[in-house]
$ cat query_20.cif   # mmCIF, C-alpha atoms
data_target
#
loop_
_atom_site.label_atom_id
_atom_site.label_comp_id
_atom_site.auth_asym_id
_atom_site.auth_seq_id
_atom_site.Cartn_x
_atom_site.Cartn_y
_atom_site.Cartn_z
CA MET N 1 0.00 0.00 0.00
CA THR N 2 1.18 3.49 -0.74
CA ALA N 3 1.96 5.89 2.05
CA LEU N 4 -0.20 8.81 3.11
CA GLN N 5 1.23 12.33 2.90
CA VAL N 6 -0.06 14.02 6.04
CA SER N 7 0.36 17.73 6.87
CA VAL N 8 -0.19 18.43 10.53
CA TRP N 9 -0.52 21.78 12.27
CA ARG N 10 2.20 22.31 14.85
CA GLY N 11 2.45 25.03 17.46
CA GLY N 12 -0.03 27.76 18.32
CA ALA N 13 -1.78 30.36 16.20
CA ASP N 14 1.58 31.34 14.70
CA GLY N 15 2.58 27.75 14.01
CA ARG N 16 2.99 25.94 10.72
CA LEU N 17 2.18 22.71 8.92
CA GLN N 18 4.61 19.83 9.27
CA ALA N 19 4.74 16.97 6.79
CA PHE N 20 4.70 13.31 7.76
CA GLU N 21 4.57 10.09 5.80
CA VAL N 22 2.28 7.47 7.30
CA PRO N 23 1.79 3.87 6.09
CA ARG N 24 -1.67 3.24 4.74
CA TYR N 25 -3.77 0.32 5.92
CA PRO N 26 -7.28 -0.91 5.06
CA SER N 27 -10.09 0.46 7.23
CA GLN N 28 -7.72 3.02 8.68
CA THR N 29 -9.27 6.00 10.44
CA VAL N 30 -7.76 9.47 10.70
CA LEU N 31 -7.36 8.82 14.43
CA ASP N 32 -5.20 5.81 13.56
CA VAL N 33 -3.07 8.13 11.42
CA VAL N 34 -2.59 10.75 14.14
CA THR N 35 -1.89 8.08 16.73
CA HIS N 36 0.71 6.50 14.47
CA ILE N 37 2.47 9.87 14.08
CA GLN N 38 2.54 10.49 17.80
CA ARG N 39 3.61 6.98 18.82
CA LYS N 40 5.98 6.05 16.05
CA ILE N 41 7.35 9.28 14.55
CA ASP N 42 7.02 12.37 16.76
CA PRO N 43 6.02 11.93 20.41
CA SER N 44 5.79 15.70 20.90
CA LEU N 45 2.56 15.90 18.84
CA ALA N 46 -0.41 17.01 20.98
CA TYR N 47 -3.88 15.74 20.12
CA ARG N 48 -7.05 14.58 21.89
CA TYR N 49 -9.06 11.39 21.89
CA ALA N 50 -10.77 9.24 24.49
CA CYS N 51 -13.37 6.62 23.59
CA ARG N 52 -12.16 6.15 19.95
CA VAL N 53 -15.59 4.69 19.07
CA GLY N 54 -17.64 7.77 18.22
CA MET N 55 -19.28 8.46 21.57
CA CYS N 56 -17.32 11.19 23.33
CA GLY N 57 -16.51 13.75 20.64
CA SER N 58 -13.02 14.44 22.06
CA CYS N 59 -11.23 13.69 18.80
CA ALA N 60 -12.90 16.49 16.82
CA MET N 61 -10.52 18.39 14.53
CA THR N 62 -10.33 19.82 11.02
CA VAL N 63 -9.61 17.18 8.38
CA ASN N 64 -8.97 18.54 4.87
CA GLY N 65 -10.80 21.72 5.78
CA VAL N 66 -13.86 20.03 7.30
CA PRO N 67 -14.54 19.57 11.06
CA ARG N 68 -14.95 15.88 11.87
CA TRP N 69 -14.47 13.19 14.49
CA THR N 70 -11.20 11.53 13.52
CA CYS N 71 -12.19 8.19 15.06
CA ARG N 72 -15.23 8.04 12.79
CA THR N 73 -13.52 9.26 9.63
CA HIS N 74 -12.12 6.57 7.38
CA VAL N 75 -9.03 7.63 5.51
CA ASP N 76 -10.44 6.17 2.30
CA ARG N 77 -13.35 8.60 2.54
CA VAL N 78 -11.30 11.78 2.82
CA ALA N 79 -7.83 11.14 1.39
CA LYS N 80 -8.82 10.43 -2.18
CA ASP N 81 -5.48 11.58 -3.54
CA GLY N 82 -3.45 10.13 -0.68
CA THR N 83 -3.05 13.43 1.19
CA LEU N 84 -4.44 14.63 4.49
CA GLU N 85 -4.28 18.04 6.12
CA LEU N 86 -4.98 18.09 9.84
CA ARG N 87 -5.63 21.24 11.82
CA PRO N 88 -7.25 21.95 15.18
CA LEU N 89 -10.95 22.86 15.31
CA ARG N 90 -11.67 26.20 13.73
CA ASN N 91 -13.07 29.25 15.58
CA LEU N 92 -11.33 28.31 18.83
CA PRO N 93 -7.97 29.40 20.22
CA ILE N 94 -5.23 26.82 19.75
CA VAL N 95 -3.64 25.30 22.83
CA ARG N 96 -0.98 23.45 20.86
CA ASP N 97 -0.82 21.45 17.63
CA LEU N 98 -4.20 19.75 17.15
CA VAL N 99 -5.65 20.72 20.52
CA ALA N 100 -8.21 23.54 20.61
CA ASP N 101 -9.14 25.55 23.70
CA MET N 102 -12.78 24.70 24.38
CA ARG N 103 -13.30 27.32 27.08
CA THR N 104 -15.13 29.94 24.97
CA PHE N 105 -17.35 27.17 23.62
CA PHE N 106 -18.51 26.25 27.14
CA ASP N 107 -18.58 29.85 28.37
CA LYS N 108 -21.12 30.58 25.66
CA TRP N 109 -23.06 27.50 26.73
CA GLU N 110 -23.36 29.10 30.16
CA ARG N 111 -24.21 32.53 28.70
CA ALA N 112 -27.12 30.85 26.91
CA ARG N 113 -28.26 29.48 30.30
CA GLY N 114 -27.67 25.99 29.01
CA HIS N 115 -28.44 24.21 32.25
CA PHE N 116 -31.71 22.83 33.58
CA GLU N 117 -33.50 24.98 36.15
CA GLY N 118 -36.48 23.12 37.53
CA GLY N 119 -38.96 24.04 40.23
CA ALA N 120 -39.83 20.68 41.81
CA THR N 121 -38.53 19.41 45.13
CA ARG N 122 -38.13 15.89 46.44
CA ALA N 123 -41.54 16.26 48.07
CA ASP N 124 -43.24 16.62 44.68
CA ASP N 125 -44.39 13.74 42.55
CA PHE N 126 -42.59 12.92 39.28
CA ALA N 127 -43.30 15.25 36.42
CA ARG N 128 -45.53 13.70 33.81
CA VAL N 129 -44.29 14.43 30.31
CA ALA N 130 -45.86 12.63 27.37
CA PRO N 131 -43.02 11.48 25.06
CA GLU N 132 -45.16 12.01 21.97
CA SER N 133 -46.08 15.57 22.86
CA PRO N 134 -44.73 18.09 20.33
CA ALA N 135 -42.76 19.93 23.01
CA ARG N 136 -41.06 16.75 24.20
CA GLN N 137 -40.34 15.60 20.65
CA ALA N 138 -38.75 18.96 19.92
CA ALA N 139 -36.57 18.64 23.02
CA ASP N 140 -35.68 15.01 22.28
CA ALA N 141 -34.53 15.98 18.79
CA GLY N 142 -31.74 18.04 20.30
CA ILE N 143 -30.73 16.53 23.63
CA GLU N 144 -28.13 14.06 22.36
CA CYS N 145 -25.56 16.84 21.98
CA ILE N 146 -22.27 15.87 23.62
CA GLY N 147 -20.58 19.23 23.23
CA CYS N 148 -17.92 18.16 20.73
CA GLY N 149 -17.66 21.57 19.08
CA VAL N 150 -17.89 20.42 15.45
CA CYS N 151 -20.95 22.60 14.75
CA TYR N 152 -19.23 25.59 16.36
CA ALA N 153 -16.17 25.02 14.18
CA ALA N 154 -18.32 24.72 11.05
CA CYS N 155 -20.36 27.88 11.63
CA ASP N 156 -19.65 30.90 9.38
CA VAL N 157 -21.32 33.33 11.80
CA VAL N 158 -19.14 32.13 14.68
CA ARG N 159 -16.18 32.81 12.43
CA TRP N 160 -17.37 36.32 11.56
CA ASN N 161 -18.88 37.38 14.89
CA PRO N 162 -16.93 36.53 18.06
CA ASP N 163 -19.94 37.39 20.23
CA TYR N 164 -22.24 34.85 18.60
CA LEU N 165 -23.28 32.16 21.08
CA GLY N 166 -23.11 29.46 18.42
CA PRO N 167 -25.20 26.48 17.37
CA ALA N 168 -24.45 24.15 20.30
CA ALA N 169 -25.25 26.63 23.07
CA LEU N 170 -28.42 27.70 21.28
CA ASN N 171 -29.45 24.12 20.59
CA ARG N 172 -29.11 23.34 24.29
CA ALA N 173 -31.11 26.45 25.22
CA TRP N 174 -33.87 25.29 22.89
CA THR N 175 -34.06 21.81 24.44
CA LEU N 176 -34.51 23.47 27.83
CA ILE N 177 -37.06 26.00 26.63
CA THR N 178 -39.20 23.21 25.19
CA ASP N 179 -38.77 21.21 28.40
CA VAL N 180 -42.05 21.67 30.27
CA ARG N 181 -40.34 21.01 33.62
CA ASP N 182 -37.92 23.93 33.25
CA THR N 183 -39.03 27.12 34.97
CA LYS N 184 -36.70 29.76 33.58
CA THR N 185 -38.06 30.06 30.06
CA ALA N 186 -38.40 33.84 30.01
CA GLU N 187 -34.90 34.40 31.38
CA ARG N 188 -33.45 31.93 28.94
CA LEU N 189 -35.24 33.55 26.00
CA ARG N 190 -33.79 36.87 27.03
CA ALA N 191 -30.34 35.32 27.24
CA ILE N 192 -30.43 33.89 23.71
CA ALA N 193 -32.20 36.67 21.82
CA GLY N 194 -30.52 39.46 19.92
CA ASP N 195 -27.48 40.07 17.79
CA ALA N 196 -25.26 37.66 19.71
CA GLY N 197 -27.98 35.07 19.98
CA CYS N 198 -30.38 33.18 17.77
CA HIS N 199 -31.08 36.17 15.52
CA ALA N 200 -27.50 36.15 14.26
CA CYS N 201 -28.07 32.76 12.65
CA HIS N 202 -28.41 33.06 8.88
CA THR N 203 -29.54 29.49 8.29
CA HIS N 204 -26.45 28.41 6.37
CA THR N 205 -27.03 24.96 7.96
CA SER N 206 -23.33 24.08 8.10
CA CYS N 207 -23.91 23.00 11.70
CA THR N 208 -26.66 20.58 10.76
CA GLU N 209 -24.63 19.19 7.88
CA ARG N 210 -21.59 18.49 10.05
CA CYS N 211 -23.14 17.34 13.33
CA PRO N 212 -21.83 13.81 14.00
CA MET N 213 -24.88 13.09 16.18
CA HIS N 214 -27.18 14.09 13.30
CA LEU N 215 -28.83 16.85 15.27
CA SER N 216 -30.19 19.96 13.66
CA PRO N 217 -29.12 23.09 15.51
CA THR N 218 -30.67 24.97 12.58
CA ALA N 219 -34.10 23.62 13.49
CA SER N 220 -33.54 24.37 17.18
CA ILE N 221 -32.47 27.92 16.39
CA ALA N 222 -35.50 28.37 14.12
CA GLY N 223 -37.59 27.30 17.09
CA LEU N 224 -35.84 29.88 19.25
CA LYS N 225 -36.48 32.64 16.70
CA ARG N 226 -40.18 31.85 16.69
CA ALA N 227 -40.32 31.52 20.48
CA VAL N 228 -38.57 34.85 21.04
CA THR N 229 -40.90 36.61 18.60
CA LYS N 230 -43.96 35.07 20.22
CA ALA N 231 -42.79 36.04 23.70
CA ALA N 232 -41.90 39.57 22.58
CA LEU N 233 -45.28 40.07 20.98
CA GLU N 234 -46.99 38.78 24.12
CA GLY N 235 -44.94 41.22 26.20
CA LYS N 236 -43.24 38.44 28.10
CA LEU N 237 -39.68 39.57 27.41
CA MET R 1 -38.30 42.63 16.40
CA LEU R 2 -36.11 42.98 13.36
CA TRP R 3 -36.27 39.29 12.58
CA ILE R 4 -40.02 39.04 12.10
CA VAL R 5 -40.16 42.41 10.29
CA GLN R 6 -37.53 41.10 7.87
CA ARG R 7 -39.49 37.89 7.21
CA ALA R 8 -42.78 39.78 6.81
CA SER R 9 -41.28 42.36 4.44
CA ALA R 10 -39.70 39.49 2.49
CA ALA R 11 -43.13 37.94 1.95
CA VAL R 12 -44.55 41.33 0.87
CA LEU R 13 -41.64 41.87 -1.50
CA ALA R 14 -42.00 38.44 -3.08
CA LEU R 15 -45.49 39.51 -4.16
CA CYS R 16 -44.66 43.12 -5.06
CA VAL R 17 -41.61 42.17 -7.11
CA THR R 18 -43.60 39.65 -9.09
CA VAL R 19 -46.42 42.12 -9.78
CA HIS R 20 -43.92 44.84 -10.70
CA LEU R 21 -41.94 42.66 -13.10
CA VAL R 22 -45.09 41.32 -14.76
CA THR R 23 -46.31 44.91 -15.16
CA ILE R 24 -43.05 46.09 -16.69
CA VAL R 25 -42.90 43.13 -19.05
CA TYR R 26 -46.51 43.78 -20.08
CA ALA R 27 -45.72 47.42 -20.74
CA VAL R 28 -42.57 46.67 -22.75
CA ARG R 29 -44.07 43.81 -24.73
CA GLY R 30 -47.20 45.75 -25.39
CA GLY R 31 -45.12 48.61 -26.75
CA LEU R 32 -46.76 51.04 -24.36
CA THR R 33 -45.71 54.64 -24.82
CA ALA R 34 -45.21 57.14 -22.03
CA ALA R 35 -48.68 58.46 -22.67
CA ASP R 36 -50.18 54.96 -22.37
CA ILE R 37 -48.37 54.35 -19.08
CA PHE R 38 -49.26 57.67 -17.54
CA ALA R 39 -52.86 57.27 -18.62
CA ARG R 40 -53.03 54.24 -16.35
CA THR R 41 -51.01 55.56 -13.41
CA ARG R 42 -51.82 59.24 -13.16
CA GLY R 43 -54.34 59.84 -10.41
CA SER R 44 -54.59 56.12 -9.73
CA LEU R 45 -54.81 55.55 -6.01
CA GLY R 46 -54.47 51.83 -6.63
CA TRP R 47 -51.05 52.15 -8.23
CA LEU R 48 -49.97 54.71 -5.63
CA ALA R 49 -51.00 52.36 -2.84
CA PHE R 50 -49.17 49.48 -4.47
CA TYR R 51 -45.94 51.41 -4.95
CA THR R 52 -46.13 52.91 -1.47
CA LEU R 53 -46.37 49.42 -0.01
CA PHE R 54 -43.52 48.28 -2.27
CA VAL R 55 -41.28 51.20 -1.31
CA LEU R 56 -41.92 50.78 2.41
CA ALA R 57 -41.22 47.05 2.24
CA VAL R 58 -37.92 47.78 0.45
CA ALA R 59 -37.03 50.58 2.89
CA VAL R 60 -37.40 48.12 5.74
CA HIS R 61 -36.01 44.92 4.18
CA ALA R 62 -32.79 46.24 2.59
CA PRO R 63 -31.36 48.01 5.69
CA ILE R 64 -32.20 45.13 8.03
CA GLY R 65 -30.57 42.77 5.56
CA LEU R 66 -27.41 44.85 5.24
CA ARG R 67 -27.06 45.30 8.99
CA PRO R 68 -25.42 41.93 9.80
CA VAL R 69 -23.28 42.11 6.66
CA LEU R 70 -21.81 45.40 7.92
CA THR R 71 -20.82 43.71 11.18
CA GLU R 72 -19.76 40.33 9.85
CA TRP R 73 -17.79 41.49 6.82
CA LEU R 74 -16.74 45.05 7.74
CA GLY R 75 -16.53 44.75 11.53
CA TRP R 76 -18.90 47.67 12.01
CA ARG R 77 -20.69 47.62 15.39
CA GLY R 78 -22.51 49.89 17.80
CA ARG R 79 -24.50 53.09 17.53
CA THR R 80 -22.96 54.39 14.31
CA ARG R 81 -23.95 51.23 12.47
CA GLU R 82 -27.55 51.56 13.70
CA TRP R 83 -27.68 55.19 12.61
CA PHE R 84 -26.30 54.36 9.19
CA VAL R 85 -28.77 51.53 8.70
CA ALA R 86 -31.69 53.71 9.77
CA ALA R 87 -30.51 56.54 7.53
CA PHE R 88 -30.26 54.13 4.61
CA GLY R 89 -33.87 53.09 5.23
CA VAL R 90 -35.06 56.67 5.36
CA ALA R 91 -33.16 57.47 2.15
CA LEU R 92 -34.73 54.52 0.36
CA ALA R 93 -38.21 55.49 1.56
CA TRP R 94 -37.75 59.10 0.47
CA LEU R 95 -36.23 58.34 -2.93
CA GLY R 96 -38.77 55.59 -3.49
CA MET R 97 -41.79 57.75 -2.76
CA ARG R 98 -40.34 60.48 -4.93
CA ALA R 99 -40.15 57.97 -7.79
CA ALA R 100 -43.67 56.65 -7.14
CA LEU R 101 -45.10 60.16 -7.20
CA VAL R 102 -43.60 60.79 -10.66
CA VAL R 103 -46.05 58.33 -12.19
CA PHE R 104 -48.89 59.33 -9.94
CA ARG R 105 -48.88 63.06 -10.45
CA MET Q 1 -19.17 29.50 3.10
CA LYS Q 2 -22.22 27.63 1.86
CA ARG Q 3 -22.75 28.46 -1.82
CA VAL Q 4 -26.49 29.16 -1.65
CA ALA Q 5 -25.93 31.43 1.35
CA LEU Q 6 -23.12 33.30 -0.41
CA ILE Q 7 -25.25 33.86 -3.51
CA HIS Q 8 -28.12 35.07 -1.34
CA ARG Q 9 -25.87 37.53 0.45
CA LEU Q 10 -24.04 38.83 -2.63
CA SER Q 11 -27.27 39.28 -4.60
CA GLY Q 12 -28.75 41.12 -1.63
CA ILE Q 13 -25.79 43.49 -1.47
CA ALA Q 14 -25.96 44.09 -5.22
CA LEU Q 15 -29.67 44.85 -5.05
CA ALA Q 16 -29.18 47.15 -2.04
CA LEU Q 17 -26.63 49.08 -4.10
CA PHE Q 18 -28.81 49.11 -7.23
CA LEU Q 19 -32.14 50.18 -5.71
CA PRO Q 20 -31.19 53.69 -4.48
CA VAL Q 21 -29.87 54.42 -7.97
CA HIS Q 22 -33.05 53.03 -9.53
CA PHE Q 23 -35.26 55.14 -7.27
CA TRP Q 24 -33.16 58.25 -7.74
CA ALA Q 25 -33.15 57.93 -11.52
CA LEU Q 26 -36.91 57.40 -11.69
CA GLY Q 27 -37.50 60.29 -9.33
CA LEU Q 28 -35.72 62.67 -11.69
CA GLY Q 29 -38.92 62.78 -13.74
CA LEU Q 30 -37.07 62.26 -17.01
CA GLU Q 31 -38.96 62.44 -20.21
CA MET Q 32 -40.68 59.07 -20.28
CA ASP Q 33 -40.69 58.47 -24.05
CA ALA Q 34 -36.98 59.20 -24.29
CA PHE Q 35 -36.40 56.94 -21.31
CA LEU Q 36 -38.35 54.11 -22.92
CA ARG Q 37 -36.30 54.49 -26.10
CA TRP Q 38 -33.11 54.36 -24.05
CA THR Q 39 -34.20 51.06 -22.49
CA GLU Q 40 -34.28 49.48 -25.94
CA GLN Q 41 -30.49 49.51 -26.07
CA PRO Q 42 -28.87 46.06 -25.76
CA VAL Q 43 -26.63 47.05 -22.86
CA VAL Q 44 -29.71 48.17 -20.91
CA LYS Q 45 -31.53 44.94 -21.79
CA PHE Q 46 -28.55 43.00 -20.52
CA ALA Q 47 -28.53 44.99 -17.27
CA GLU Q 48 -32.27 44.39 -16.85
CA TRP Q 49 -31.76 40.67 -17.31
CA GLY Q 50 -28.93 40.82 -14.76
CA ILE Q 51 -31.21 42.50 -12.24
CA VAL Q 52 -33.91 39.90 -12.81
CA VAL Q 53 -31.32 37.17 -12.18
CA LEU Q 54 -30.19 38.90 -8.98
CA LEU Q 55 -33.80 39.16 -7.84
CA ALA Q 56 -34.47 35.52 -8.63
CA ALA Q 57 -31.32 34.44 -6.82
CA HIS Q 58 -32.15 36.48 -3.76
CA LEU Q 59 -35.79 35.40 -3.78
CA GLY Q 60 -34.73 31.77 -4.08
CA GLY Q 61 -32.33 32.00 -1.16
CA GLY Q 62 -34.97 33.85 0.83
CA LEU Q 63 -37.65 31.23 0.16
CA ARG Q 64 -35.18 28.60 1.36
CA VAL Q 65 -34.63 30.52 4.62
CA LEU Q 66 -38.38 30.98 5.12
CA ALA Q 67 -39.00 27.28 4.48
CA ILE Q 68 -36.35 26.17 6.98
CA GLU Q 69 -37.44 28.66 9.65
CA PHE Q 70 -41.17 28.04 9.40
CA LEU Q 71 -41.78 24.58 7.97
CA ASP Q 72 -40.78 21.10 9.03
CA TRP Q 73 -39.14 19.93 5.84
CA HIS Q 74 -35.75 18.34 5.43
CA GLU Q 75 -33.08 20.82 4.47
CA TRP Q 76 -32.30 19.39 1.06
CA GLN Q 77 -35.94 19.41 0.04
CA LYS Q 78 -36.22 23.03 0.96
CA SER Q 79 -33.06 23.99 -0.94
CA LEU Q 80 -34.32 22.21 -4.01
CA ALA Q 81 -37.73 23.85 -3.80
CA ALA Q 82 -36.30 27.33 -3.39
CA ILE Q 83 -33.77 26.92 -6.16
CA ALA Q 84 -36.43 25.53 -8.47
CA GLY Q 85 -38.69 28.48 -7.74
CA ALA Q 86 -35.91 30.93 -8.46
CA ILE Q 87 -34.98 29.25 -11.73
CA VAL Q 88 -38.57 29.27 -12.92
CA LEU Q 89 -38.87 32.95 -12.14
CA ALA Q 90 -35.62 33.90 -13.83
CA ALA Q 91 -36.30 31.77 -16.88
CA GLY Q 92 -39.81 33.00 -17.31
CA LEU Q 93 -38.86 36.61 -17.03
CA ALA Q 94 -35.77 36.31 -19.17
CA PHE Q 95 -37.94 34.85 -21.89
CA ALA Q 96 -40.65 37.44 -21.37
CA LEU Q 97 -38.13 40.23 -21.57
CA ALA Q 98 -37.01 38.61 -24.83
CA LEU Q 99 -33.39 39.35 -24.14
#

$ encode --input "query_20.cif" --output "structure tokens"
Amino acid sequence: MTALQVSVWRGGADGRLQAFEVPRYPSQTVLDVVTHIQRKIDPSLAYRYACRVGMCGSCAMTVNGVPRWTCRTHVDRVAKDGTLELRPLRNLPIVRDLVADMRTFFDKWERARGHFEGGATRADDFARVAPESPARQAADAGIECIGCGVCYAACDVVRWNPDYLGPAALNRAWTLITDVRDTKTAERLRAIAGDAGCHACHTHTSCTERCPMHLSPTASIAGLKRAVTKAALEGKL
Amino acid sequence: MLWIVQRASAAVLALCVTVHLVTIVYAVRGGLTAADIFARTRGSLGWLAFYTLFVLAVAVHAPIGLRPVLTEWLGWRGRTREWFVAAFGVALAWLGMRAALVVFR
Amino acid sequence: MKRVALIHRLSGIALALFLPVHFWALGLGLEMDAFLRWTEQPVVKFAEWGIVVLLAAHLGGGLRVLAIEFLDWHEWQKSLAAIAGAIVLAAGLAFALAL
């Protein structure tokens, strides 16, 4: 089998691409390639992975210009001409090499009030939520997000507007707003409305196209736009 | 609520643009002269109403649409951007009504 | 950047630049018969066709956004529908304008 020509980002924002030659094997994933480089060629390479089976999202990085999970990306799929270019996730500061600093991603999650705020106590009975109800189905469509950052890296508006909360934070806010048990709907709507929030989304749908969990932040954000408008017209904001 | 105003004006414009283009094509194809055109538009409250609606929809839709482009591609933020966008809307409304009145009067 | 989004944005900018000029020119109250004769010129016909294309492109992109924000379709269906609508409009008008 021929070898792969792999360019890998090294250093910080002012770093450069470094070339490696990696043996090619059948059913090889990009994670296999990066691991080979770090274990067999250059131990100083920094990169992230954990589960290596497509469940944790830690291995997200930019592969030939596209944000992906390296453990779930077969080399055959992306290296048609035998070359790979690996960079850290876009739109985030670089820690080193292929490792991105996820702090702004999670800070924005918090700014969108992306945590559940219920009103029940242990003395109350269980909440009864019909799974087939439209509200619950809307929430269920978005709750599998594991915060991998691929959508954030894919988003043009995140790239252009550093204040923009981003698809993941907004998707999470939506799943909480449609959760009938959550009590802070008005506050959350206020947190996600406006030029840094859902209204900055231009429906490019890059997030939905790239989400490895097959979620649609676009649909969630559309829901937020409608919810904010409804609340504003009803004087609830 | 700029978002819903933008969507509403978009819907209005989809209709107005279609009517306007069909009208222009009809006039050109039909070889209408200036006299023919003015005969139909002068003193016509219907046409005035239509073009007023059209102009207002444009005066609202274009500035709101440009607003994020100014920030995202030119880095323009804050009060001055809002003033510029509003001024652009006023300019479009004024120029547009001026144009509409030419065929009405 | 997504191609359909880029076209939508660029056509919007072009139209936003064109419209003030269009309004201003019409508002001058030029002699209508002379104006109509001027529009017969091929370069003007070409510009008119260009504007119709820009409108169709922008309308198509806009219909796509409206469909995604208000309806429950799949994204690719909406893109196809919006693009199809825009093509029909542009084609029909280009023919009608006999350019």

$ residues_around --input "query_20.cif" --residues "Trp3 in chain R" --least-positions-apart "6" --cutoff "12 Å" --atoms "all atoms listed in the file" --output "list in words"
Ala193, Gly194, Asp195, Gly197, Cys198, His199, Ala200, Cys201, His202, Ala222, Leu224, Lys225, Arg226, Ala227, Val228, Thr229, Lys230 and Ala232 of chain N; Ser9, Ala10, Val60, His61, Ile64, Gly65, Arg67 and Pro68 of chain R; Val65, Leu66 and Glu69 of chain Q

$ closest_atom_pairs --input "query_20.cif" --of "range 61-176 of chain N" --to "range 7-23 of chain N" --cutoff "7 Å" --atoms "only C-alpha atoms" --output "Markdown table"
| residue | atom | partner | partner_atom | distance |
| --- | --- | --- | --- | --- |
| N:Leu84 | CA | N:Ser7 | CA | 6.2 |
| N:Glu85 | CA | N:Ser7 | CA | 4.7 |
| N:Leu86 | CA | N:Val8 | CA | 4.9 |
| N:Arg87 | CA | N:Trp9 | CA | 5.2 |
| N:Ile94 | CA | N:Gly12 | CA | 5.5 |
| N:Val95 | CA | N:Gly12 | CA | 6.3 |
| N:Arg96 | CA | N:Gly11 | CA | 5.1 |
| N:Asp97 | CA | N:Arg10 | CA | 4.2 |
| N:Leu98 | CA | N:Trp9 | CA | 6.4 |

$ resolve_selection --input "query_20.cif" --expression "the PyMOL selection byres ((chain R) within 7 of (chain Q))" --output "PyMOL selection string"
chain R and resi 14+25+33-34+62+92+95-96+98-99+102

$ interface_residues --input "query_20.cif" --of "chain R" --to "chain N" --cutoff "8 Å" --atoms "all atoms listed in the file" --output "MDAnalysis selection string"
chainID R and resid 1 3:4 68 71:73

$ closest_atom_pairs --input "query_20.cif" --of "chain Q" --to "chain N" --cutoff "10 Å" --atoms "only C-alpha atoms" --output "CSV"
residue,atom,partner,partner_atom,distance
Q:Met1,CA,N:Asp156,CA,6.5
Q:Lys2,CA,N:His204,CA,6.2
Q:Arg3,CA,N:His204,CA,9.0
Q:Val4,CA,N:His204,CA,8.1
Q:Ala5,CA,N:His204,CA,5.9
Q:Leu6,CA,N:His204,CA,9.0
Q:Arg9,CA,N:His202,CA,9.9
Q:Arg64,CA,N:Thr203,CA,9.0
Q:Val65,CA,N:Thr203,CA,6.4
Q:Leu66,CA,N:Thr203,CA,9.5
Q:Ile68,CA,N:Ala219,CA,7.3
Q:Glu69,CA,N:Ala222,CA,4.9
Q:Phe70,CA,N:Ala222,CA,7.4
Q:Leu71,CA,N:Ala219,CA,9.5
Q:Asp72,CA,N:Ala219,CA,8.4
Q:Trp73,CA,N:Ala219,CA,9.9
Q:His74,CA,N:Ala219,CA,9.8
Q:Glu75,CA,N:Thr205,CA,8.1

$ residues_around --input "query_20.cif" --residues "Phe38 in chain R" --least-positions-apart "3" --cutoff "8 Å" --atoms "only C-alpha atoms" --output "list of chain:residue names"
R:Ala34, R:Ala35, R:Thr41, R:Arg42, R:Val103, R:Phe104

$ write_last_selection --input "query_20.cif" --atoms "C-alpha atoms" --output "short mmCIF file (atom, residue, chain, number, x, y, z; two decimals), in the frame of the given file"
data_model
loop_
_atom_site.label_atom_id
_atom_site.label_comp_id
_atom_site.auth_asym_id
_atom_site.auth_seq_id
_atom_site.Cartn_x
_atom_site.Cartn_y
_atom_site.Cartn_z
CA ALA R 34 -45.21 57.14 -22.03
CA ALA R 35 -48.68 58.46 -22.67
CA THR R 41 -51.01 55.56 -13.41
CA ARG R 42 -51.82 59.24 -13.16
CA VAL R 103 -46.05 58.33 -12.19
CA PHE R 104 -48.89 59.33 -9.94
#

$ atom_distance --input "query_20.cif" --atom1 "CA of Ser44 in chain R" --atom2 "CA of His20 in chain R"
15.6 Å

$ atom_distance --input "query_20.cif" --atom1 "CA of Ser133 in chain N" --atom2 "CA of Val180 in chain N"
10.4 Å

$ residues_around --input "query_20.cif" --residues "Ala50 in chain N" --least-positions-apart "3" --cutoff "8 Å" --atoms "all atoms listed in the file" --output "number ranges by chain"
N: 56, 58-59

$ atom_distance --input "query_20.cif" --atom1 "CA of Glu144 in chain N" --atom2 "CA of Ser79 in chain Q"
25.8 Å

$ closest_residue --input "query_20.cif" --among "N:Met213, N:Met102, N:Ala130, N:Ala79" --to "Val33 in chain N" --atoms "all atoms listed in the file"
N:Ala79

$ closest_residue --input "query_20.cif" --among "N:Pro134, N:Gly54, N:Pro43, N:Gly118" --to "Leu31 in chain N" --atoms "all atoms listed in the file"
N:Gly54

$ residues_near_point --input "query_20.cif" --point "(-6.0, 1.9, 7.5)" --cutoff "12 Å" --atoms "all atoms listed in the file" --output "list in words"
Met1, Thr2, Ala3, Leu4, Val22, Pro23, Arg24, Tyr25, Pro26, Ser27, Gln28, Thr29, Val30, Leu31, Asp32, Val33, Val34, Thr35, His36, Cys71, Thr73, His74, Val75, Asp76, Arg77, Ala79 and Gly82 of chain N
